[in-house]
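Peer 1: Input structure: model.pdb, which contains PDB, C-alpha atoms, pLDDT in the B column.
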ATOM      1  CA  MET A  25      44.314  82.743  83.971  1.00 48.00           C
ATOM      2  CA  GLN A  26      43.913  85.018  86.995  1.00 49.00           C
ATOM      3  CA  THR A  27      45.713  82.486  89.159  1.00 48.00           C
ATOM      4  CA  GLN A  28      48.601  82.334  86.688  1.00 48.00           C
ATOM      5  CA  GLN A  29      48.875  86.131  86.558  1.00 47.00           C
ATOM      6  CA  ALA A  30      48.791  86.349  90.347  1.00 46.00           C
ATOM      7  CA  SER A  31      51.506  83.722  90.553  1.00 44.00           C
ATOM      8  CA  THR A  32      53.616  85.660  88.052  1.00 45.00           C
ATOM      9  CA  GLY A  33      53.178  88.808  90.121  1.00 46.00           C
ATOM     10  CA  ARG A  34      54.318  87.003  93.241  1.00 47.00           C
ATOM     11  CA  ARG A  35      57.428  85.688  91.483  1.00 45.00           C
ATOM     12  CA  LYS A  36      58.427  89.213  90.460  1.00 62.00           C
ATOM     13  CA  ARG A  37      57.994  90.671  93.940  1.00 77.00           C
ATOM     14  CA  MET A  38      61.353  91.366  95.559  1.00 78.00           C
ATOM     15  CA  SER A  39      62.252  90.463  99.103  1.00 85.00           C
ATOM     16  CA  ARG A  40      63.379  93.287 101.355  1.00 84.00           C
ATOM     17  CA  ALA A  41      67.013  92.153 101.043  1.00 87.00           C
ATOM     18  CA  GLU A  42      66.789  92.084  97.243  1.00 89.00           C
ATOM     19  CA  ARG A  43      65.168  95.503  97.190  1.00 90.00           C
ATOM     20  CA  GLU A  44      67.879  96.911  99.432  1.00 91.00           C
ATOM     21  CA  GLN A  45      70.566  95.618  97.081  1.00 90.00           C
ATOM     22  CA  GLN A  46      68.740  97.154  94.127  1.00 92.00           C
ATOM     23  CA  ILE A  47      68.539 100.507  95.911  1.00 93.00           C
ATOM     24  CA  LEU A  48      72.222 100.363  96.848  1.00 92.00           C
ATOM     25  CA  ALA A  49      73.248  99.591  93.269  1.00 91.00           C
ATOM     26  CA  VAL A  50      71.265 102.554  91.929  1.00 93.00           C
ATOM     27  CA  ALA A  51      72.378 104.881  94.725  1.00 91.00           C
ATOM     28  CA  GLU A  52      76.025 103.943  94.228  1.00 89.00           C
ATOM     29  CA  GLU A  53      75.742 104.801  90.552  1.00 89.00           C
ATOM     30  CA  VAL A  54      74.069 108.146  91.218  1.00 89.00           C
ATOM     31  CA  PHE A  55      76.376 109.146  94.077  1.00 86.00           C
ATOM     32  CA  ALA A  56      79.430 108.261  91.981  1.00 83.00           C
ATOM     33  CA  ALA A  57      78.225 110.182  88.942  1.00 84.00           C
ATOM     34  CA  ASP A  58      76.710 113.276  90.576  1.00 84.00           C
ATOM     35  CA  GLY A  59      78.349 113.478  93.997  1.00 81.00           C
ATOM     36  CA  TYR A  60      76.610 113.401  97.347  1.00 82.00           C
ATOM     37  CA  GLN A  61      75.552 117.022  97.508  1.00 83.00           C
ATOM     38  CA  ALA A  62      73.963 117.048  94.045  1.00 86.00           C
ATOM     39  CA  THR A  63      72.126 113.761  94.505  1.00 87.00           C
ATOM     40  CA  SER A  64      68.475 113.850  95.564  1.00 91.00           C
ATOM     41  CA  MET A  65      66.480 111.096  97.201  1.00 93.00           C
ATOM     42  CA  ASP A  66      63.693 111.876  94.727  1.00 93.00           C
ATOM     43  CA  ASP A  67      65.984 110.942  91.839  1.00 92.00           C
ATOM     44  CA  ILE A  68      67.089 107.675  93.449  1.00 93.00           C
ATOM     45  CA  ALA A  69      63.502 106.762  94.384  1.00 93.00           C
ATOM     46  CA  ALA A  70      62.326 107.407  90.819  1.00 92.00           C
ATOM     47  CA  ARG A  71      65.098 105.281  89.320  1.00 92.00           C
ATOM     48  CA  VAL A  72      64.378 102.403  91.692  1.00 92.00           C
ATOM     49  CA  GLY A  73      60.617 102.677  91.230  1.00 90.00           C
ATOM     50  CA  LEU A  74      59.787 103.366  94.878  1.00 90.00           C
ATOM     51  CA  SER A  75      58.148 106.269  96.619  1.00 91.00           C
ATOM     52  CA  LYS A  76      60.432 108.671  98.455  1.00 91.00           C
ATOM     53  CA  PRO A  77      58.869 107.805 101.862  1.00 92.00           C
ATOM     54  CA  MET A  78      59.562 104.120 101.172  1.00 91.00           C
ATOM     55  CA  LEU A  79      63.208 104.919 100.392  1.00 91.00           C
ATOM     56  CA  TYR A  80      63.487 106.703 103.743  1.00 93.00           C
ATOM     57  CA  GLU A  81      61.889 103.685 105.420  1.00 92.00           C
ATOM     58  CA  TYR A  82      64.749 101.526 104.140  1.00 93.00           C
ATOM     59  CA  PHE A  83      67.707 103.776 104.986  1.00 92.00           C
ATOM     60  CA  GLY A  84      66.435 106.643 107.146  1.00 92.00           C
ATOM     61  CA  SER A  85      68.169 109.492 105.333  1.00 90.00           C
ATOM     62  CA  LYS A  86      70.377 110.324 102.381  1.00 89.00           C
ATOM     63  CA  GLU A  87      73.414 110.045 104.632  1.00 88.00           C
ATOM     64  CA  GLY A  88      72.178 106.659 105.842  1.00 90.00           C
ATOM     65  CA  LEU A  89      71.926 105.519 102.234  1.00 91.00           C
ATOM     66  CA  LEU A  90      75.457 106.739 101.494  1.00 88.00           C
ATOM     67  CA  LEU A  91      76.788 104.944 104.576  1.00 88.00           C
ATOM     68  CA  ALA A  92      75.097 101.728 103.439  1.00 90.00           C
ATOM     69  CA  CYS A  93      76.752 102.096 100.030  1.00 89.00           C
ATOM     70  CA  LEU A  94      80.153 102.609 101.641  1.00 86.00           C
ATOM     71  CA  LYS A  95      79.688  99.579 103.899  1.00 87.00           C
ATOM     72  CA  ARG A  96      78.866  97.450 100.862  1.00 89.00           C
ATOM     73  CA  CYS A  97      82.049  98.707  99.146  1.00 87.00           C
ATOM     74  CA  LYS A  98      83.999  97.823 102.279  1.00 85.00           C
ATOM     75  CA  ARG A  99      82.619  94.291 102.330  1.00 89.00           C
ATOM     76  CA  GLU A 100      83.202  93.697  98.614  1.00 89.00           C
ATOM     77  CA  LEU A 101      86.774  94.997  98.755  1.00 88.00           C
ATOM     78  CA  ILE A 102      87.804  92.768 101.655  1.00 90.00           C
ATOM     79  CA  GLU A 103      86.109  89.795  99.998  1.00 92.00           C
ATOM     80  CA  ALA A 104      88.102  90.381  96.802  1.00 90.00           C
ATOM     81  CA  SER A 105      91.332  90.716  98.794  1.00 90.00           C
ATOM     82  CA  THR A 106      90.643  87.593 100.847  1.00 92.00           C
ATOM     83  CA  VAL A 107      89.894  85.479  97.770  1.00 92.00           C
ATOM     84  CA  ALA A 108      93.113  86.698  96.133  1.00 91.00           C
ATOM     85  CA  ALA A 109      95.189  85.860  99.210  1.00 90.00           C
ATOM     86  CA  ALA A 110      93.783  82.347  99.501  1.00 90.00           C
ATOM     87  CA  GLY A 111      95.438  81.061  96.333  1.00 83.00           C
ATOM     88  CA  ALA A 112      98.994  82.309  96.949  1.00 85.00           C
ATOM     89  CA  ASP A 113     101.861  79.973  97.855  1.00 86.00           C
ATOM     90  CA  THR A 114     104.745  82.422  98.410  1.00 87.00           C
ATOM     91  CA  PRO A 115     105.073  85.917  99.920  1.00 86.00           C
ATOM     92  CA  GLU A 116     105.763  87.375  96.482  1.00 88.00           C
ATOM     93  CA  GLN A 117     102.720  85.688  94.987  1.00 91.00           C
ATOM     94  CA  LEU A 118     100.620  86.815  97.930  1.00 90.00           C
ATOM     95  CA  MET A 119     101.518  90.465  97.459  1.00 90.00           C
ATOM     96  CA  HIS A 120     101.168  90.231  93.681  1.00 93.00           C
ATOM     97  CA  ASP A 121      97.717  88.669  93.814  1.00 93.00           C
ATOM     98  CA  CYS A 122      96.391  91.088  96.432  1.00 93.00           C
ATOM     99  CA  LEU A 123      97.706  94.137  94.579  1.00 94.00           C
ATOM    100  CA  LEU A 124      96.183  92.841  91.371  1.00 95.00           C
ATOM    101  CA  ALA A 125      92.869  92.240  93.145  1.00 93.00           C
ATOM    102  CA  PHE A 126      92.857  95.847  94.363  1.00 93.00           C
ATOM    103  CA  PHE A 127      93.415  97.326  90.913  1.00 94.00           C
ATOM    104  CA  ARG A 128      90.961  94.942  89.294  1.00 94.00           C
ATOM    105  CA  PHE A 129      88.388  95.858  91.937  1.00 91.00           C
ATOM    106  CA  GLY A 130      88.780  99.496  90.926  1.00 89.00           C
ATOM    107  CA  ASP A 131      88.225  98.636  87.268  1.00 91.00           C
ATOM    108  CA  GLU A 132      85.424  96.113  87.739  1.00 88.00           C
ATOM    109  CA  HIS A 133      83.646  98.236  90.364  1.00 85.00           C
ATOM    110  CA  ALA A 134      84.307 101.667  88.893  1.00 84.00           C
ATOM    111  CA  GLN A 135      81.258 103.155  90.595  1.00 81.00           C
ATOM    112  CA  ALA A 136      82.341 101.852  93.995  1.00 80.00           C
ATOM    113  CA  TRP A 137      85.845 103.240  93.496  1.00 80.00           C
ATOM    114  CA  ALA A 138      84.446 106.619  92.385  1.00 79.00           C
ATOM    115  CA  LEU A 139      82.243 106.640  95.475  1.00 75.00           C
ATOM    116  CA  LEU A 140      85.177 105.936  97.795  1.00 75.00           C
ATOM    117  CA  ARG A 141      87.272 108.568  96.073  1.00 73.00           C
ATOM    118  CA  ASN A 142      84.689 111.344  95.809  1.00 67.00           C
ATOM    119  CA  GLU A 143      82.910 111.109  99.134  1.00 62.00           C
ATOM    120  CA  ALA A 144      85.999 111.925 101.185  1.00 59.00           C
ATOM    121  CA  ALA A 145      84.874 115.558 100.856  1.00 58.00           C
ATOM    122  CA  VAL A 146      81.415 114.972 102.379  1.00 64.00           C
ATOM    123  CA  PRO A 147      81.185 117.074 105.572  1.00 61.00           C
ATOM    124  CA  SER A 148      79.913 114.288 107.800  1.00 72.00           C
ATOM    125  CA  ALA A 149      81.612 112.667 110.767  1.00 78.00           C
ATOM    126  CA  SER A 150      79.777 109.391 110.104  1.00 82.00           C
ATOM    127  CA  VAL A 151      80.869 109.282 106.460  1.00 77.00           C
ATOM    128  CA  SER A 152      84.449 110.213 107.360  1.00 79.00           C
ATOM    129  CA  SER A 153      84.459 107.491 109.995  1.00 83.00           C
ATOM    130  CA  GLU A 154      83.205 104.863 107.536  1.00 82.00           C
ATOM    131  CA  LEU A 155      85.773 105.879 104.911  1.00 81.00           C
ATOM    132  CA  GLU A 156      88.526 105.621 107.514  1.00 84.00           C
ATOM    133  CA  ALA A 157      87.164 102.221 108.556  1.00 86.00           C
ATOM    134  CA  ILE A 158      87.556 101.011 104.976  1.00 85.00           C
ATOM    135  CA  ARG A 159      91.132 102.225 104.899  1.00 87.00           C
ATOM    136  CA  LEU A 160      91.943 100.686 108.288  1.00 90.00           C
ATOM    137  CA  GLN A 161      90.410  97.408 107.168  1.00 90.00           C
ATOM    138  CA  GLN A 162      92.789  97.274 104.221  1.00 90.00           C
ATOM    139  CA  ARG A 163      95.728  98.365 106.354  1.00 92.00           C
ATOM    140  CA  ASP A 164      95.104  95.655 108.937  1.00 93.00           C
ATOM    141  CA  PHE A 165      94.607  93.066 106.204  1.00 92.00           C
ATOM    142  CA  THR A 166      97.881  94.120 104.554  1.00 92.00           C
ATOM    143  CA  SER A 167      99.687  94.140 107.895  1.00 94.00           C
ATOM    144  CA  GLY A 168      98.578  90.560 108.486  1.00 92.00           C
ATOM    145  CA  LEU A 169      99.948  89.502 105.122  1.00 88.00           C
ATOM    146  CA  LEU A 170     103.256  91.222 105.825  1.00 89.00           C
ATOM    147  CA  LYS A 171     103.530  89.524 109.201  1.00 90.00           C
ATOM    148  CA  ALA A 172     103.228  86.126 107.545  1.00 85.00           C
ATOM    149  CA  ALA A 173     105.962  87.044 105.065  1.00 83.00           C
ATOM    150  CA  ARG A 174     108.219  88.931 107.495  1.00 87.00           C
ATOM    151  CA  PRO A 175     107.787  87.622 111.056  1.00 90.00           C
ATOM    152  CA  ASP A 176     110.939  89.527 112.011  1.00 91.00           C
ATOM    153  CA  LEU A 177     109.113  92.862 111.771  1.00 92.00           C
ATOM    154  CA  ASP A 178     107.604  94.385 114.910  1.00 94.00           C
ATOM    155  CA  ASP A 179     104.036  95.703 115.085  1.00 94.00           C
ATOM    156  CA  GLU A 180     105.014  99.313 114.460  1.00 96.00           C
ATOM    157  CA  GLN A 181     106.978  98.377 111.357  1.00 93.00           C
ATOM    158  CA  LEU A 182     104.154  96.208 110.057  1.00 94.00           C
ATOM    159  CA  GLU A 183     101.653  99.027 110.480  1.00 95.00           C
ATOM    160  CA  ALA A 184     103.950 101.613 108.919  1.00 95.00           C
ATOM    161  CA  PHE A 185     104.771  99.424 105.913  1.00 93.00           C
ATOM    162  CA  ALA A 186     101.103  98.511 105.436  1.00 94.00           C
ATOM    163  CA  GLU A 187     100.207 102.227 105.441  1.00 94.00           C
ATOM    164  CA  ALA A 188     102.875 102.821 102.806  1.00 93.00           C
ATOM    165  CA  ILE A 189     101.562 100.037 100.576  1.00 93.00           C
ATOM    166  CA  ILE A 190      97.929 101.174 100.897  1.00 92.00           C
ATOM    167  CA  GLY A 191      98.925 104.768 100.202  1.00 92.00           C
ATOM    168  CA  ALA A 192     100.901 103.710  97.136  1.00 94.00           C
ATOM    169  CA  CYS A 193      97.933 101.689  95.846  1.00 93.00           C
ATOM    170  CA  GLU A 194      95.554 104.612  96.294  1.00 90.00           C
ATOM    171  CA  ARG A 195      97.859 107.059  94.534  1.00 92.00           C
ATOM    172  CA  LEU A 196      98.581 104.656  91.697  1.00 94.00           C
ATOM    173  CA  ALA A 197      94.863 104.054  91.237  1.00 92.00           C
ATOM    174  CA  LEU A 198      94.340 107.809  90.879  1.00 90.00           C
ATOM    175  CA  TRP A 199      97.310 108.047  88.492  1.00 94.00           C
ATOM    176  CA  ARG A 200      95.827 105.312  86.312  1.00 93.00           C
ATOM    177  CA  GLU A 201      92.756 107.455  85.722  1.00 89.00           C
ATOM    178  CA  GLN A 202      95.000 109.730  83.664  1.00 92.00           C
ATOM    179  CA  ARG A 203      96.867 106.779  82.124  1.00 94.00           C
ATOM    180  CA  PRO A 204      94.185 104.356  80.901  1.00 91.00           C
ATOM    181  CA  GLU A 205      96.814 102.348  79.031  1.00 95.00           C
ATOM    182  CA  VAL A 206      98.210 101.202  82.399  1.00 97.00           C
ATOM    183  CA  THR A 207      96.387  97.939  83.084  1.00 97.00           C
ATOM    184  CA  PRO A 208      95.858  96.407  86.536  1.00 96.00           C
ATOM    185  CA  GLU A 209      98.592  93.926  85.620  1.00 97.00           C
ATOM    186  CA  LYS A 210     101.020  96.718  84.724  1.00 97.00           C
ATOM    187  CA  ALA A 211     100.211  98.703  87.864  1.00 96.00           C
ATOM    188  CA  THR A 212     100.819  95.564  89.919  1.00 96.00           C
ATOM    189  CA  GLU A 213     104.134  95.017  88.161  1.00 96.00           C
ATOM    190  CA  HIS A 214     105.250  98.564  89.044  1.00 96.00           C
ATOM    191  CA  LEU A 215     104.489  98.097  92.730  1.00 95.00           C
ATOM    192  CA  MET A 216     106.018  94.623  92.824  1.00 94.00           C
ATOM    193  CA  THR A 217     109.253  96.098  91.476  1.00 94.00           C
ATOM    194  CA  LEU A 218     109.163  98.576  94.346  1.00 92.00           C
ATOM    195  CA  PHE A 219     108.039  96.381  97.234  1.00 89.00           C
ATOM    196  CA  ALA A 220     108.824  92.737  96.475  1.00 85.00           C
ATOM    197  CA  PRO A 221     112.573  92.830  97.295  1.00 84.00           C
ATOM    198  CA  SER A 222     111.758  93.670 100.907  1.00 79.00           C
ATOM    199  CA  LEU A 223     109.524  90.647 101.396  1.00 74.00           C
ATOM    200  CA  THR A 224     112.164  87.964 101.612  1.00 64.00           C
ATOM    201  CA  GLN A 225     115.438  89.783 102.283  1.00 57.00           C
ATOM    202  CA  ASN A 226     115.614  88.530 105.876  1.00 52.00           C
ATOM    203  CA  LEU A 227     114.206  85.078 105.190  1.00 42.00           C
ATOM    204  CA  ARG A 228     116.823  83.720 102.804  1.00 42.00           C
TER     205      ARG A 228
END
Show this structure as structure tokens.

Peer 2:
Amino acid sequence: MQTQQASTGRRKRMSRAEREQQILAVAEEVFAADGYQATSMDDIAARVGLSKPMLYEYFGSKEGLLLACLKRCKRELIEASTVAAAGADTPEQLMHDCLLAFFRFGDEHAQAWALLRNEAAVPSASVSSELEAIRLQQRDFTSGLLKAARPDLDDEQLEAFAEAIIGACERLALWREQRPEVTPEKATEHLMTLFAPSLTQNLR
């Protein structure tokens, strides 16, 4: 019996990587709900079931924990965008699927989106740098898609148009918070009406 109980205990023990993901999931939820300034490491440690010193051992500081959350958001967002792009056959379908993936990401990862939106006000150079890195990642990804659809555009145009698309997505995502009846599909349709005609005008 003791051997069986010990074995059960070993099966329930998390690896360090699993524990880190658990901490990040809890921290993301708390940061999104309460904001960075109002969040305490004591609260996160209690929710995870760790001691506060152990939480610091994993991430070093509250800012370090926030940065880890933002980096996970960055990775998940580019993964969602990359998967969406892989199945498209035409420039129009490519833009449609990537826009839809962005809006669905916001809905399916509401805590991550709230974290990205709310932590822009955190007075930290490291946090500001990570937030900008997320935005630049999406801009460069979008620029690459545009280049495939419009090889006639120069680098400056590609960057400018990608900035415009990312900015429009961000603003529409904020607008949707006040218009819950606007689905990801409908938001995508609005932006496709605006942007799609420019994708193929010089290729036909």

Peer 1: Skipping near chain neighbours, those fewer than 2 positions away, what residues fall within 10 Å of region 195-205 of chain A using all atoms listed in the file, listed as a ChimeraX atom specification?

Peer 2: /A:126-127,130-131,137,141,189-193,207-208,210-212,214-215

Peer 1: Compare A:Met119, A:Cys97, A:Ala51, A:Ala104 by their minimum atom-to-atom distance to Leu169 (chain A), counting all atoms listed in the file, and give me the closest one.

Peer 2: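 Of A:Met119, A:Cys97, A:Ala51, A:Ala104, the one nearest Leu169 (chain A), counting all atoms listed in the file, is A:Met119.
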
Peer 1: Measuring between all atoms listed in the file, which one of A:Gln117, A:Gln135, A:Ser75, A:Thr106 shows the shortest distance to Phe165 (chain A)?

Peer 2: A:Thr106

Peer 1: Written as a ChimeraX atom specification, what is the full residue list that the PyMOL selection byres ((chain A and resi 86-96) around 9) yields on the file shown?

Peer 2: /A:47-49,51-52,55,60,63-65,79-80,82-85,97-101,136,139-140,143,148,150-151,154-155,158

Peer 1: Write the residues of the selection above to a file with C-alpha atoms, as a short mmCIF file (atom, residue, chain, number, x, y, z; two decimals), keeping the file's coordinate frame.

Peer 2:
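Generated file (part26.cif):
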data_model
loop_
_atom_site.label_atom_id
_atom_site.label_comp_id
_atom_site.auth_asym_id
_atom_site.auth_seq_id
_atom_site.Cartn_x
_atom_site.Cartn_y
_atom_site.Cartn_z
CA ILE A 47 68.54 100.51 95.91
CA LEU A 48 72.22 100.36 96.85
CA ALA A 49 73.25 99.59 93.27
CA ALA A 51 72.38 104.88 94.72
CA GLU A 52 76.03 103.94 94.23
CA PHE A 55 76.38 109.15 94.08
CA TYR A 60 76.61 113.40 97.35
CA THR A 63 72.13 113.76 94.50
CA SER A 64 68.47 113.85 95.56
CA MET A 65 66.48 111.10 97.20
CA LEU A 79 63.21 104.92 100.39
CA TYR A 80 63.49 106.70 103.74
CA TYR A 82 64.75 101.53 104.14
CA PHE A 83 67.71 103.78 104.99
CA GLY A 84 66.44 106.64 107.15
CA SER A 85 68.17 109.49 105.33
CA CYS A 97 82.05 98.71 99.15
CA LYS A 98 84.00 97.82 102.28
CA ARG A 99 82.62 94.29 102.33
CA GLU A 100 83.20 93.70 98.61
CA LEU A 101 86.77 95.00 98.76
CA ALA A 136 82.34 101.85 94.00
CA LEU A 139 82.24 106.64 95.48
CA LEU A 140 85.18 105.94 97.80
CA GLU A 143 82.91 111.11 99.13
CA SER A 148 79.91 114.29 107.80
CA SER A 150 79.78 109.39 110.10
CA VAL A 151 80.87 109.28 106.46
CA GLU A 154 83.20 104.86 107.54
CA LEU A 155 85.77 105.88 104.91
CA ILE A 158 87.56 101.01 104.98
#

Peer 1: So that I can see what lies close to Lys171 (chain A), please list as a ChimeraX atom specification the residues with an atom at most 10 Å from it, counting all atoms listed in the file and leaving out residues fewer than 6 positions away in the same chain.

Peer 2: /A:177-179,181-183,223

Peer 1: Measure the distance from CA of Ala108 (chain A) to CA of Asp121 (chain A) in Å and round it to one decimal.

Peer 2: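 Answer for the CA of Ala108 (chain A) to CA of Asp121 (chain A) separation: 5.5 Å.
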
Peer 1: Return the single residue from A:Val72, A:Glu116, A:Gln162, A:Ser153 that is closest to Thr217 (chain A), with distances computed using only C-alpha atoms.

Peer 2: A:Glu116

Peer 1: Do you have the CA of Ser152 (chain A)-CA of Val50 (chain A) distance handy?

Peer 2: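 Computed distance, CA of Ser152 (chain A) to CA of Val50 (chain A), equals 21.7 Å.
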
Peer 1: When you count only C-alpha atoms, which of these residues is closest to Ala138 (chain A): A:Glu44, A:Glu194, A:Glu213, A:Asp67?

Peer 2: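 For Ala138 (chain A), the nearest of the given residues is A:Glu194.
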
Peer 1: Mind pulling up the distance from CA of Glu209 (chain A) to CA of Leu124 (chain A)?

Peer 2: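 Between these atoms lies a distance of 6.3 Å.
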
Peer 1: Carefully work through the PyMOL selection byres ((chain A and resi 114) around 12) for this structure and note down the residues it includes, as a PyMOL selection string.

Peer 2: chain A and resi 109-113+115-121+169-170+172-174+220+223-224+227

Peer 1: With all atoms of region 117-126 of chain A from the file as input, state the centre and edge lengths in Å to one decimal of the axis-aligned box that has 3 Å extra on each side, as AutoDock Vina command-line options.

Peer 2:
--center_x 97.8 --center_y 90.8 --center_z 94.7 --size_x 15.9 --size_y 16.2 --size_z 12.6
